[in-house]
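Just data17.txt here, compact mmCIF, N, CA, C and O atoms:
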# COMPACT_ATOMS: atom_id res chain seq x y z
N MET A 1 0.27 -4.36 29.03
CA MET A 1 -0.16 -5.15 27.89
C MET A 1 0.88 -5.04 26.78
O MET A 1 1.32 -3.96 26.43
N ARG A 2 1.28 -6.12 26.25
CA ARG A 2 2.29 -6.12 25.19
C ARG A 2 1.65 -5.79 23.86
O ARG A 2 0.54 -6.22 23.54
N ARG A 3 2.37 -5.03 23.10
CA ARG A 3 1.83 -4.57 21.82
C ARG A 3 2.22 -5.53 20.70
O ARG A 3 3.32 -6.06 20.67
N ARG A 4 1.31 -5.69 19.79
CA ARG A 4 1.55 -6.50 18.60
C ARG A 4 2.09 -5.59 17.50
O ARG A 4 1.90 -4.38 17.51
N LEU A 5 2.77 -6.22 16.54
CA LEU A 5 3.24 -5.47 15.39
C LEU A 5 2.04 -4.89 14.66
O LEU A 5 1.07 -5.57 14.38
N ARG A 6 2.10 -3.60 14.40
CA ARG A 6 1.01 -2.94 13.68
C ARG A 6 1.56 -2.27 12.45
O ARG A 6 2.69 -1.75 12.45
N ILE A 7 0.80 -2.29 11.41
CA ILE A 7 1.19 -1.60 10.19
C ILE A 7 0.85 -0.13 10.37
O ILE A 7 -0.28 0.23 10.67
N LEU A 8 1.83 0.73 10.22
CA LEU A 8 1.64 2.15 10.40
C LEU A 8 1.33 2.81 9.07
O LEU A 8 1.77 2.36 8.01
N VAL A 9 0.59 3.88 9.13
CA VAL A 9 0.30 4.66 7.94
C VAL A 9 1.57 5.39 7.54
O VAL A 9 2.19 6.05 8.35
N MET A 10 1.96 5.20 6.29
CA MET A 10 3.19 5.83 5.82
C MET A 10 2.95 7.29 5.49
O MET A 10 1.87 7.68 5.10
N THR A 11 3.97 8.08 5.64
CA THR A 11 3.85 9.48 5.25
C THR A 11 3.75 9.55 3.73
O THR A 11 4.13 8.62 3.03
N SER A 12 3.24 10.64 3.24
CA SER A 12 3.07 10.76 1.79
C SER A 12 4.41 10.71 1.06
O SER A 12 4.50 10.19 -0.04
N LYS A 13 5.47 11.20 1.68
CA LYS A 13 6.79 11.17 1.04
C LYS A 13 7.27 9.73 0.88
O LYS A 13 7.76 9.35 -0.18
N ILE A 14 7.13 8.94 1.92
CA ILE A 14 7.53 7.53 1.84
C ILE A 14 6.66 6.80 0.85
O ILE A 14 7.13 6.02 0.03
N ARG A 15 5.35 7.06 0.90
CA ARG A 15 4.42 6.42 -0.03
C ARG A 15 4.78 6.76 -1.47
O ARG A 15 4.77 5.90 -2.34
N ALA A 16 5.13 8.01 -1.75
CA ALA A 16 5.51 8.43 -3.09
C ALA A 16 6.77 7.70 -3.54
O ALA A 16 6.87 7.26 -4.69
N THR A 17 7.73 7.52 -2.64
CA THR A 17 8.95 6.80 -2.97
C THR A 17 8.65 5.35 -3.31
O THR A 17 9.17 4.81 -4.28
N ILE A 18 7.78 4.73 -2.55
CA ILE A 18 7.41 3.34 -2.81
C ILE A 18 6.67 3.23 -4.13
O ILE A 18 6.91 2.32 -4.92
N MET A 19 5.76 4.17 -4.40
CA MET A 19 5.00 4.14 -5.65
C MET A 19 5.95 4.20 -6.86
O MET A 19 5.71 3.57 -7.87
N GLN A 20 7.03 4.97 -6.74
CA GLN A 20 7.96 5.10 -7.85
C GLN A 20 8.61 3.76 -8.16
O GLN A 20 9.01 3.53 -9.30
N THR A 21 8.74 2.89 -7.19
CA THR A 21 9.39 1.61 -7.43
C THR A 21 8.42 0.55 -7.94
O THR A 21 8.85 -0.51 -8.34
N LEU A 22 7.13 0.83 -7.95
CA LEU A 22 6.16 -0.16 -8.40
C LEU A 22 6.16 -0.34 -9.91
O LEU A 22 5.85 -1.41 -10.40
N TYR A 23 6.49 0.71 -10.63
CA TYR A 23 6.50 0.63 -12.09
C TYR A 23 7.38 1.74 -12.63
O TYR A 23 7.72 2.70 -11.93
N ASP A 24 7.74 1.63 -13.89
CA ASP A 24 8.59 2.63 -14.54
C ASP A 24 7.74 3.82 -14.96
O ASP A 24 7.00 3.75 -15.94
N GLN A 25 7.84 4.91 -14.22
CA GLN A 25 7.02 6.08 -14.50
C GLN A 25 7.48 6.81 -15.76
O GLN A 25 6.75 7.66 -16.28
N ASP A 26 8.66 6.49 -16.26
CA ASP A 26 9.16 7.12 -17.47
C ASP A 26 8.87 6.31 -18.73
O ASP A 26 9.25 6.72 -19.83
N ALA A 27 8.21 5.17 -18.56
CA ALA A 27 7.87 4.35 -19.73
C ALA A 27 6.92 5.13 -20.64
O ALA A 27 6.11 5.93 -20.16
N PRO A 28 7.01 4.92 -21.95
CA PRO A 28 6.13 5.67 -22.86
C PRO A 28 4.67 5.27 -22.69
O PRO A 28 4.35 4.16 -22.25
N LYS A 29 3.79 6.20 -23.03
CA LYS A 29 2.35 5.92 -22.99
C LYS A 29 2.01 4.94 -24.10
O LYS A 29 2.65 4.90 -25.14
N GLN A 30 0.99 4.15 -23.88
CA GLN A 30 0.54 3.18 -24.86
C GLN A 30 -0.96 3.28 -25.00
O GLN A 30 -1.69 3.23 -24.01
N ALA A 31 -1.43 3.41 -26.22
CA ALA A 31 -2.87 3.47 -26.47
C ALA A 31 -3.47 2.09 -26.22
O ALA A 31 -2.85 1.06 -26.45
N THR A 32 -4.70 2.08 -25.73
CA THR A 32 -5.39 0.83 -25.47
C THR A 32 -6.90 1.04 -25.64
O THR A 32 -7.38 2.16 -25.58
N ASN A 33 -7.60 -0.03 -25.85
CA ASN A 33 -9.06 0.03 -25.94
C ASN A 33 -9.64 -0.52 -24.66
O ASN A 33 -9.22 -1.56 -24.17
N LEU A 34 -10.61 0.17 -24.11
CA LEU A 34 -11.28 -0.26 -22.90
C LEU A 34 -12.77 -0.25 -23.11
O LEU A 34 -13.30 0.54 -23.88
N SER A 35 -13.45 -1.09 -22.40
CA SER A 35 -14.91 -1.08 -22.40
C SER A 35 -15.35 -0.67 -21.00
O SER A 35 -15.01 -1.33 -20.02
N ILE A 36 -16.09 0.44 -20.92
CA ILE A 36 -16.60 0.90 -19.63
C ILE A 36 -18.06 1.28 -19.79
O ILE A 36 -18.55 1.47 -20.92
N ASN A 37 -18.73 1.42 -18.70
CA ASN A 37 -20.13 1.81 -18.68
C ASN A 37 -20.29 3.12 -19.44
O ASN A 37 -19.60 4.11 -19.15
N SER A 38 -21.20 3.14 -20.41
CA SER A 38 -21.35 4.31 -21.28
C SER A 38 -21.81 5.55 -20.51
O SER A 38 -21.38 6.67 -20.80
N ASP A 39 -22.67 5.37 -19.51
CA ASP A 39 -23.12 6.53 -18.74
C ASP A 39 -21.98 7.08 -17.89
O ASP A 39 -21.83 8.30 -17.76
N LEU A 40 -21.19 6.20 -17.33
CA LEU A 40 -20.03 6.62 -16.55
C LEU A 40 -19.06 7.42 -17.42
O LEU A 40 -18.57 8.48 -17.01
N LEU A 41 -18.81 6.94 -18.62
CA LEU A 41 -17.94 7.64 -19.56
C LEU A 41 -18.50 9.01 -19.91
O LEU A 41 -17.79 10.02 -19.87
N LYS A 42 -19.79 9.06 -20.22
CA LYS A 42 -20.43 10.32 -20.59
C LYS A 42 -20.35 11.32 -19.44
O LYS A 42 -20.01 12.49 -19.65
N ARG A 43 -20.63 10.87 -18.25
CA ARG A 43 -20.60 11.77 -17.08
C ARG A 43 -19.18 12.24 -16.79
O ARG A 43 -18.96 13.40 -16.45
N GLY A 44 -18.23 11.34 -16.91
CA GLY A 44 -16.83 11.73 -16.70
C GLY A 44 -16.38 12.77 -17.69
O GLY A 44 -15.75 13.77 -17.33
N ARG A 45 -16.72 12.57 -18.94
CA ARG A 45 -16.35 13.55 -19.98
C ARG A 45 -17.06 14.88 -19.75
O ARG A 45 -16.47 15.94 -19.96
N SER A 46 -18.33 14.83 -19.32
CA SER A 46 -19.07 16.07 -19.10
C SER A 46 -18.48 16.89 -17.94
O SER A 46 -18.64 18.11 -17.89
N MET A 47 -17.78 16.22 -17.04
CA MET A 47 -17.14 16.90 -15.90
C MET A 47 -15.66 17.18 -16.18
O MET A 47 -14.91 17.57 -15.29
N ASN A 48 -15.25 16.97 -17.43
CA ASN A 48 -13.86 17.19 -17.85
C ASN A 48 -12.85 16.39 -17.03
O ASN A 48 -11.76 16.87 -16.71
N VAL A 49 -13.22 15.17 -16.70
CA VAL A 49 -12.31 14.27 -15.98
C VAL A 49 -11.26 13.76 -16.96
O VAL A 49 -11.59 13.33 -18.07
N ASP A 50 -10.00 13.84 -16.57
CA ASP A 50 -8.92 13.30 -17.39
C ASP A 50 -8.95 11.78 -17.22
O ASP A 50 -8.49 11.24 -16.20
N LEU A 51 -9.52 11.10 -18.20
CA LEU A 51 -9.74 9.66 -18.07
C LEU A 51 -8.43 8.88 -17.97
O LEU A 51 -8.32 7.94 -17.17
N SER A 52 -7.44 9.27 -18.76
CA SER A 52 -6.16 8.55 -18.72
C SER A 52 -5.49 8.69 -17.36
O SER A 52 -5.02 7.71 -16.78
N ALA A 53 -5.44 9.91 -16.85
CA ALA A 53 -4.81 10.14 -15.55
C ALA A 53 -5.58 9.43 -14.44
O ALA A 53 -4.97 8.86 -13.52
N THR A 54 -6.90 9.44 -14.52
CA THR A 54 -7.73 8.78 -13.51
C THR A 54 -7.48 7.28 -13.51
O THR A 54 -7.33 6.66 -12.45
N LEU A 55 -7.42 6.68 -14.71
CA LEU A 55 -7.16 5.25 -14.81
C LEU A 55 -5.76 4.92 -14.29
O LEU A 55 -5.59 3.95 -13.56
N GLU A 56 -4.78 5.74 -14.64
CA GLU A 56 -3.43 5.49 -14.17
C GLU A 56 -3.36 5.53 -12.64
O GLU A 56 -2.73 4.68 -12.02
N LYS A 57 -4.01 6.51 -12.03
CA LYS A 57 -4.01 6.60 -10.56
C LYS A 57 -4.71 5.39 -9.94
O LYS A 57 -4.25 4.85 -8.93
N ALA A 58 -5.82 4.97 -10.53
CA ALA A 58 -6.56 3.81 -10.01
C ALA A 58 -5.72 2.54 -10.15
O ALA A 58 -5.67 1.71 -9.23
N LEU A 59 -5.04 2.38 -11.29
CA LEU A 59 -4.19 1.20 -11.48
C LEU A 59 -3.00 1.22 -10.53
O LEU A 59 -2.61 0.18 -9.98
N GLU A 60 -2.44 2.41 -10.31
CA GLU A 60 -1.32 2.54 -9.38
C GLU A 60 -1.75 2.14 -7.96
O GLU A 60 -1.05 1.40 -7.27
N ALA A 61 -2.92 2.59 -7.54
CA ALA A 61 -3.43 2.25 -6.21
C ALA A 61 -3.69 0.75 -6.10
O ALA A 61 -3.37 0.12 -5.08
N LYS A 62 -4.27 0.17 -7.13
CA LYS A 62 -4.55 -1.27 -7.13
C LYS A 62 -3.26 -2.07 -7.11
O LYS A 62 -3.14 -3.08 -6.39
N LEU A 63 -2.27 -1.63 -7.87
CA LEU A 63 -0.97 -2.30 -7.89
C LEU A 63 -0.32 -2.24 -6.51
O LEU A 63 0.20 -3.24 -6.01
N ALA A 64 -0.36 -1.08 -5.87
CA ALA A 64 0.22 -0.93 -4.53
C ALA A 64 -0.49 -1.85 -3.54
O ALA A 64 0.17 -2.50 -2.70
N GLU A 65 -1.81 -1.92 -3.64
CA GLU A 65 -2.58 -2.80 -2.75
C GLU A 65 -2.21 -4.26 -2.97
O GLU A 65 -1.99 -5.01 -2.02
N SER A 66 -2.11 -4.66 -4.24
CA SER A 66 -1.75 -6.05 -4.56
C SER A 66 -0.34 -6.39 -4.09
O SER A 66 -0.09 -7.47 -3.57
N GLU A 67 0.59 -5.45 -4.29
CA GLU A 67 1.97 -5.65 -3.84
C GLU A 67 2.02 -5.80 -2.32
O GLU A 67 2.74 -6.64 -1.79
N ALA A 68 1.26 -4.97 -1.60
CA ALA A 68 1.24 -5.04 -0.14
C ALA A 68 0.67 -6.38 0.33
O ALA A 68 1.20 -7.00 1.27
N GLN A 69 -0.39 -6.83 -0.32
CA GLN A 69 -0.98 -8.12 0.05
C GLN A 69 -0.01 -9.25 -0.22
O GLN A 69 0.12 -10.18 0.59
N GLN A 70 0.69 -9.18 -1.35
CA GLN A 70 1.67 -10.21 -1.68
C GLN A 70 2.81 -10.21 -0.66
O GLN A 70 3.24 -11.27 -0.20
N TRP A 71 3.27 -9.02 -0.27
CA TRP A 71 4.33 -8.91 0.73
C TRP A 71 3.88 -9.53 2.05
O TRP A 71 4.64 -10.27 2.68
N GLN A 72 2.64 -9.23 2.44
CA GLN A 72 2.13 -9.80 3.70
C GLN A 72 2.06 -11.32 3.62
O GLN A 72 2.42 -12.01 4.59
N ARG A 73 1.59 -11.86 2.49
CA ARG A 73 1.54 -13.33 2.33
C ARG A 73 2.95 -13.93 2.42
O ARG A 73 3.17 -14.92 3.11
N GLU A 74 3.89 -13.30 1.71
CA GLU A 74 5.26 -13.83 1.68
C GLU A 74 5.95 -13.73 3.03
O GLU A 74 6.86 -14.51 3.32
N ASN A 75 5.56 -12.77 3.84
CA ASN A 75 6.24 -12.54 5.12
C ASN A 75 5.39 -12.90 6.32
O ASN A 75 5.76 -12.59 7.46
N SER A 76 4.29 -13.58 6.11
CA SER A 76 3.37 -13.87 7.21
C SER A 76 4.02 -14.75 8.29
O SER A 76 3.78 -14.55 9.49
N ASN A 77 4.87 -15.68 7.89
CA ASN A 77 5.54 -16.53 8.88
C ASN A 77 6.49 -15.71 9.75
O ASN A 77 6.55 -15.89 10.97
N ALA A 78 7.24 -14.81 9.13
CA ALA A 78 8.18 -13.96 9.88
C ALA A 78 7.42 -13.01 10.81
O ALA A 78 7.84 -12.79 11.95
N ILE A 79 6.32 -12.45 10.33
CA ILE A 79 5.51 -11.55 11.15
C ILE A 79 4.95 -12.30 12.35
O ILE A 79 4.99 -11.81 13.48
N LYS A 80 4.46 -13.51 12.11
CA LYS A 80 3.92 -14.32 13.21
C LYS A 80 5.03 -14.66 14.21
O LYS A 80 4.83 -14.56 15.42
N ALA A 81 6.20 -15.03 13.71
CA ALA A 81 7.32 -15.36 14.60
C ALA A 81 7.72 -14.15 15.43
O ALA A 81 7.99 -14.26 16.63
N TYR A 82 7.75 -12.98 14.80
CA TYR A 82 8.09 -11.74 15.52
C TYR A 82 7.05 -11.46 16.60
O TYR A 82 7.40 -11.17 17.75
N ASN A 83 5.77 -11.53 16.24
CA ASN A 83 4.70 -11.27 17.21
C ASN A 83 4.76 -12.28 18.37
O ASN A 83 4.55 -11.91 19.52
N ASP A 84 5.04 -13.53 18.05
CA ASP A 84 5.16 -14.55 19.10
C ASP A 84 6.33 -14.25 20.03
O ASP A 84 6.22 -14.39 21.26
N ALA A 85 7.46 -13.81 19.45
CA ALA A 85 8.63 -13.48 20.26
C ALA A 85 8.34 -12.29 21.17
O ALA A 85 8.73 -12.29 22.34
N ILE A 86 7.64 -11.29 20.66
CA ILE A 86 7.28 -10.12 21.46
C ILE A 86 6.34 -10.54 22.59
O ILE A 86 6.47 -10.09 23.73
N SER A 87 5.39 -11.41 22.28
CA SER A 87 4.46 -11.88 23.31
C SER A 87 5.18 -12.64 24.42
O SER A 87 4.86 -12.50 25.59
N GLU A 88 6.17 -13.41 24.02
CA GLU A 88 6.88 -14.24 25.00
C GLU A 88 7.94 -13.45 25.77
O GLU A 88 8.08 -13.61 26.98
N HIS A 89 8.69 -12.59 25.06
CA HIS A 89 9.84 -11.93 25.69
C HIS A 89 9.69 -10.43 25.87
O HIS A 89 10.53 -9.82 26.53
N GLY A 90 8.67 -9.82 25.29
CA GLY A 90 8.50 -8.37 25.37
C GLY A 90 9.35 -7.65 24.33
O GLY A 90 10.16 -8.25 23.64
N CYS A 91 9.15 -6.36 24.26
CA CYS A 91 9.89 -5.52 23.31
C CYS A 91 11.28 -5.21 23.84
O CYS A 91 11.47 -5.08 25.05
N PHE A 92 12.21 -5.04 22.94
CA PHE A 92 13.55 -4.62 23.32
C PHE A 92 13.47 -3.28 24.03
O PHE A 92 12.78 -2.37 23.60
N ALA A 93 14.14 -3.14 25.14
CA ALA A 93 14.18 -1.91 25.94
C ALA A 93 12.80 -1.47 26.41
O ALA A 93 12.56 -0.29 26.64
N GLU A 94 11.90 -2.40 26.59
CA GLU A 94 10.54 -2.08 27.03
C GLU A 94 10.53 -1.36 28.38
O GLU A 94 9.69 -0.49 28.63
N GLU A 95 11.49 -1.68 29.22
CA GLU A 95 11.52 -1.06 30.55
C GLU A 95 11.83 0.43 30.50
O GLU A 95 11.59 1.16 31.46
N TYR A 96 12.35 0.91 29.37
CA TYR A 96 12.69 2.33 29.24
C TYR A 96 11.64 3.18 28.56
O TYR A 96 11.72 4.40 28.58
N ARG A 97 10.65 2.55 27.96
CA ARG A 97 9.66 3.35 27.25
C ARG A 97 8.74 4.09 28.22
O ARG A 97 8.52 3.63 29.34
N THR A 98 8.25 5.23 27.76
CA THR A 98 7.45 6.10 28.64
C THR A 98 5.98 6.08 28.30
O THR A 98 5.21 6.85 28.89
N PHE A 99 5.56 5.23 27.39
CA PHE A 99 4.13 5.18 27.03
C PHE A 99 3.53 3.85 27.39
O PHE A 99 4.18 2.89 27.67

Could you render the structure from this file as structure tokens?
Amino acid sequence: MRRRLRILVMTSKIRATIMQTLYDQDAPKQATNLSINSDLLKRGRSMNVDLSATLEKALEAKLAESEAQQWQRENSNAIKAYNDAISEHGCFAEEYRTF
């Protein structure tokens, strides 16, 4: 059975490198006003949750997800062409693989 292109889980080191390129991590902090559920805020504060760091991590994850989706949309034709070529011709050096 011929294998299709699959997205592999990146190692944390590679993921960290990619995250660094998503935004300028050395940019200065900027104060902002947010509206959030008051009970959620109260509970977060009562558990000593660092709200700024939590929001930054959540925004970073959302940005990475959006960037990945955009990359997939922009490259969907190439991915389809690659998968079609593999289906038709097989993988390069397929006869030598041991799995």

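CA of Thr21 in chain A to CA of Thr54 in chain A spans 19.5 Å [interatomic distance, one decimal].
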
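The spacing separating atom C of Leu40 in chain A from CA of Glu56 in chain A amounts to 16.1 Å.
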
**Message:** Given the point (-10.2, 8.6, -20.6) in the file's coordinates, find the residues that have an atom at most 12 Å from it, counting only C-alpha atoms, and give them as a VMD selection string.
**Reply:** chain A and resid 31 to 36 38 40 to 57

**Request:** May I ask for the distance between atom N of Leu22 in chain A and CA of Tyr82 in chain A, given in Å to one decimal place?
**Result:** 26.6 Å

Based on the backbone DSSP call, show me all residues of range 30-92 of chain A assigned alpha helix (DSSP H), as a compact mmCIF listing (two decimals) with N, CA, C and O atoms, keeping the file's coordinate frame.
# COMPACT_ATOMS: atom_id res chain seq x y z
N SER A 38 -21.20 3.14 -20.41
CA SER A 38 -21.35 4.31 -21.28
C SER A 38 -21.81 5.55 -20.51
O SER A 38 -21.38 6.67 -20.80
N ASP A 39 -22.67 5.37 -19.51
CA ASP A 39 -23.12 6.53 -18.74
C ASP A 39 -21.98 7.08 -17.89
O ASP A 39 -21.83 8.30 -17.76
N LEU A 40 -21.19 6.20 -17.33
CA LEU A 40 -20.03 6.62 -16.55
C LEU A 40 -19.06 7.42 -17.42
O LEU A 40 -18.57 8.48 -17.01
N LEU A 41 -18.81 6.94 -18.62
CA LEU A 41 -17.94 7.64 -19.56
C LEU A 41 -18.50 9.01 -19.91
O LEU A 41 -17.79 10.02 -19.87
N LYS A 42 -19.79 9.06 -20.22
CA LYS A 42 -20.43 10.32 -20.59
C LYS A 42 -20.35 11.32 -19.44
O LYS A 42 -20.01 12.49 -19.65
N ARG A 43 -20.63 10.87 -18.25
CA ARG A 43 -20.60 11.77 -17.08
C ARG A 43 -19.18 12.24 -16.79
O ARG A 43 -18.96 13.40 -16.45
N GLY A 44 -18.23 11.34 -16.91
CA GLY A 44 -16.83 11.73 -16.70
C GLY A 44 -16.38 12.77 -17.69
O GLY A 44 -15.75 13.77 -17.33
N ARG A 45 -16.72 12.57 -18.94
CA ARG A 45 -16.35 13.55 -19.98
C ARG A 45 -17.06 14.88 -19.75
O ARG A 45 -16.47 15.94 -19.96
N SER A 46 -18.33 14.83 -19.32
CA SER A 46 -19.07 16.07 -19.10
C SER A 46 -18.48 16.89 -17.94
O SER A 46 -18.64 18.11 -17.89
N LEU A 51 -9.52 11.10 -18.20
CA LEU A 51 -9.74 9.66 -18.07
C LEU A 51 -8.43 8.88 -17.97
O LEU A 51 -8.32 7.94 -17.17
N SER A 52 -7.44 9.27 -18.76
CA SER A 52 -6.16 8.55 -18.72
C SER A 52 -5.49 8.69 -17.36
O SER A 52 -5.02 7.71 -16.78
N ALA A 53 -5.44 9.91 -16.85
CA ALA A 53 -4.81 10.14 -15.55
C ALA A 53 -5.58 9.43 -14.44
O ALA A 53 -4.97 8.86 -13.52
N THR A 54 -6.90 9.44 -14.52
CA THR A 54 -7.73 8.78 -13.51
C THR A 54 -7.48 7.28 -13.51
O THR A 54 -7.33 6.66 -12.45
N LEU A 55 -7.42 6.68 -14.71
CA LEU A 55 -7.16 5.25 -14.81
C LEU A 55 -5.76 4.92 -14.29
O LEU A 55 -5.59 3.95 -13.56
N GLU A 56 -4.78 5.74 -14.64
CA GLU A 56 -3.43 5.49 -14.17
C GLU A 56 -3.36 5.53 -12.64
O GLU A 56 -2.73 4.68 -12.02
N LYS A 57 -4.01 6.51 -12.03
CA LYS A 57 -4.01 6.60 -10.56
C LYS A 57 -4.71 5.39 -9.94
O LYS A 57 -4.25 4.85 -8.93
N ALA A 58 -5.82 4.97 -10.53
CA ALA A 58 -6.56 3.81 -10.01
C ALA A 58 -5.72 2.54 -10.15
O ALA A 58 -5.67 1.71 -9.23
N LEU A 59 -5.04 2.38 -11.29
CA LEU A 59 -4.19 1.20 -11.48
C LEU A 59 -3.00 1.22 -10.53
O LEU A 59 -2.61 0.18 -9.98
N GLU A 60 -2.44 2.41 -10.31
CA GLU A 60 -1.32 2.54 -9.38
C GLU A 60 -1.75 2.14 -7.96
O GLU A 60 -1.05 1.40 -7.27
N ALA A 61 -2.92 2.59 -7.54
CA ALA A 61 -3.43 2.25 -6.21
C ALA A 61 -3.69 0.75 -6.10
O ALA A 61 -3.37 0.12 -5.08
N LYS A 62 -4.27 0.17 -7.13
CA LYS A 62 -4.55 -1.27 -7.13
C LYS A 62 -3.26 -2.07 -7.11
O LYS A 62 -3.14 -3.08 -6.39
N LEU A 63 -2.27 -1.63 -7.87
CA LEU A 63 -0.97 -2.30 -7.89
C LEU A 63 -0.32 -2.24 -6.51
O LEU A 63 0.20 -3.24 -6.01
N ALA A 64 -0.36 -1.08 -5.87
CA ALA A 64 0.22 -0.93 -4.53
C ALA A 64 -0.49 -1.85 -3.54
O ALA A 64 0.17 -2.50 -2.70
N GLU A 65 -1.81 -1.92 -3.64
CA GLU A 65 -2.58 -2.80 -2.75
C GLU A 65 -2.21 -4.26 -2.97
O GLU A 65 -1.99 -5.01 -2.02
N SER A 66 -2.11 -4.66 -4.24
CA SER A 66 -1.75 -6.05 -4.56
C SER A 66 -0.34 -6.39 -4.09
O SER A 66 -0.09 -7.47 -3.57
N GLU A 67 0.59 -5.45 -4.29
CA GLU A 67 1.97 -5.65 -3.84
C GLU A 67 2.02 -5.80 -2.32
O GLU A 67 2.74 -6.64 -1.79
N ALA A 68 1.26 -4.97 -1.60
CA ALA A 68 1.24 -5.04 -0.14
C ALA A 68 0.67 -6.38 0.33
O ALA A 68 1.20 -7.00 1.27
N GLN A 69 -0.39 -6.83 -0.32
CA GLN A 69 -0.98 -8.12 0.05
C GLN A 69 -0.01 -9.25 -0.22
O GLN A 69 0.12 -10.18 0.59
N GLN A 70 0.69 -9.18 -1.35
CA GLN A 70 1.67 -10.21 -1.68
C GLN A 70 2.81 -10.21 -0.66
O GLN A 70 3.24 -11.27 -0.20
N TRP A 71 3.27 -9.02 -0.27
CA TRP A 71 4.33 -8.91 0.73
C TRP A 71 3.88 -9.53 2.05
O TRP A 71 4.64 -10.27 2.68
N GLN A 72 2.64 -9.23 2.44
CA GLN A 72 2.13 -9.80 3.70
C GLN A 72 2.06 -11.32 3.62
O GLN A 72 2.42 -12.01 4.59
N ARG A 73 1.59 -11.86 2.49
CA ARG A 73 1.54 -13.33 2.33
C ARG A 73 2.95 -13.93 2.42
O ARG A 73 3.17 -14.92 3.11
N GLU A 74 3.89 -13.30 1.71
CA GLU A 74 5.26 -13.83 1.68
C GLU A 74 5.95 -13.73 3.03
O GLU A 74 6.86 -14.51 3.32
N ASN A 75 5.56 -12.77 3.84
CA ASN A 75 6.24 -12.54 5.12
C ASN A 75 5.39 -12.90 6.32
O ASN A 75 5.76 -12.59 7.46
N SER A 76 4.29 -13.58 6.11
CA SER A 76 3.37 -13.87 7.21
C SER A 76 4.02 -14.75 8.29
O SER A 76 3.78 -14.55 9.49
N ASN A 77 4.87 -15.68 7.89
CA ASN A 77 5.54 -16.53 8.88
C ASN A 77 6.49 -15.71 9.75
O ASN A 77 6.55 -15.89 10.97
N ALA A 78 7.24 -14.81 9.13
CA ALA A 78 8.18 -13.96 9.88
C ALA A 78 7.42 -13.01 10.81
O ALA A 78 7.84 -12.79 11.95
N ILE A 79 6.32 -12.45 10.33
CA ILE A 79 5.51 -11.55 11.15
C ILE A 79 4.95 -12.30 12.35
O ILE A 79 4.99 -11.81 13.48
N LYS A 80 4.46 -13.51 12.11
CA LYS A 80 3.92 -14.32 13.21
C LYS A 80 5.03 -14.66 14.21
O LYS A 80 4.83 -14.56 15.42
N ALA A 81 6.20 -15.03 13.71
CA ALA A 81 7.32 -15.36 14.60
C ALA A 81 7.72 -14.15 15.43
O ALA A 81 7.99 -14.26 16.63
N TYR A 82 7.75 -12.98 14.80
CA TYR A 82 8.09 -11.74 15.52
C TYR A 82 7.05 -11.46 16.60
O TYR A 82 7.40 -11.17 17.75
N ASN A 83 5.77 -11.53 16.24
CA ASN A 83 4.70 -11.27 17.21
C ASN A 83 4.76 -12.28 18.37
O ASN A 83 4.55 -11.91 19.52
N ASP A 84 5.04 -13.53 18.05
CA ASP A 84 5.16 -14.55 19.10
C ASP A 84 6.33 -14.25 20.03
O ASP A 84 6.22 -14.39 21.26
N ALA A 85 7.46 -13.81 19.45
CA ALA A 85 8.63 -13.48 20.26
C ALA A 85 8.34 -12.29 21.17
O ALA A 85 8.73 -12.29 22.34
N ILE A 86 7.64 -11.29 20.66
CA ILE A 86 7.28 -10.12 21.46
C ILE A 86 6.34 -10.54 22.59
O ILE A 86 6.47 -10.09 23.73
N SER A 87 5.39 -11.41 22.28
CA SER A 87 4.46 -11.88 23.31
C SER A 87 5.18 -12.64 24.42
O SER A 87 4.86 -12.50 25.59
N GLU A 88 6.17 -13.41 24.02
CA GLU A 88 6.88 -14.24 25.00
C GLU A 88 7.94 -13.45 25.77
O GLU A 88 8.08 -13.61 26.98
N HIS A 89 8.69 -12.59 25.06
CA HIS A 89 9.84 -11.93 25.69
C HIS A 89 9.69 -10.43 25.87
O HIS A 89 10.53 -9.82 26.53
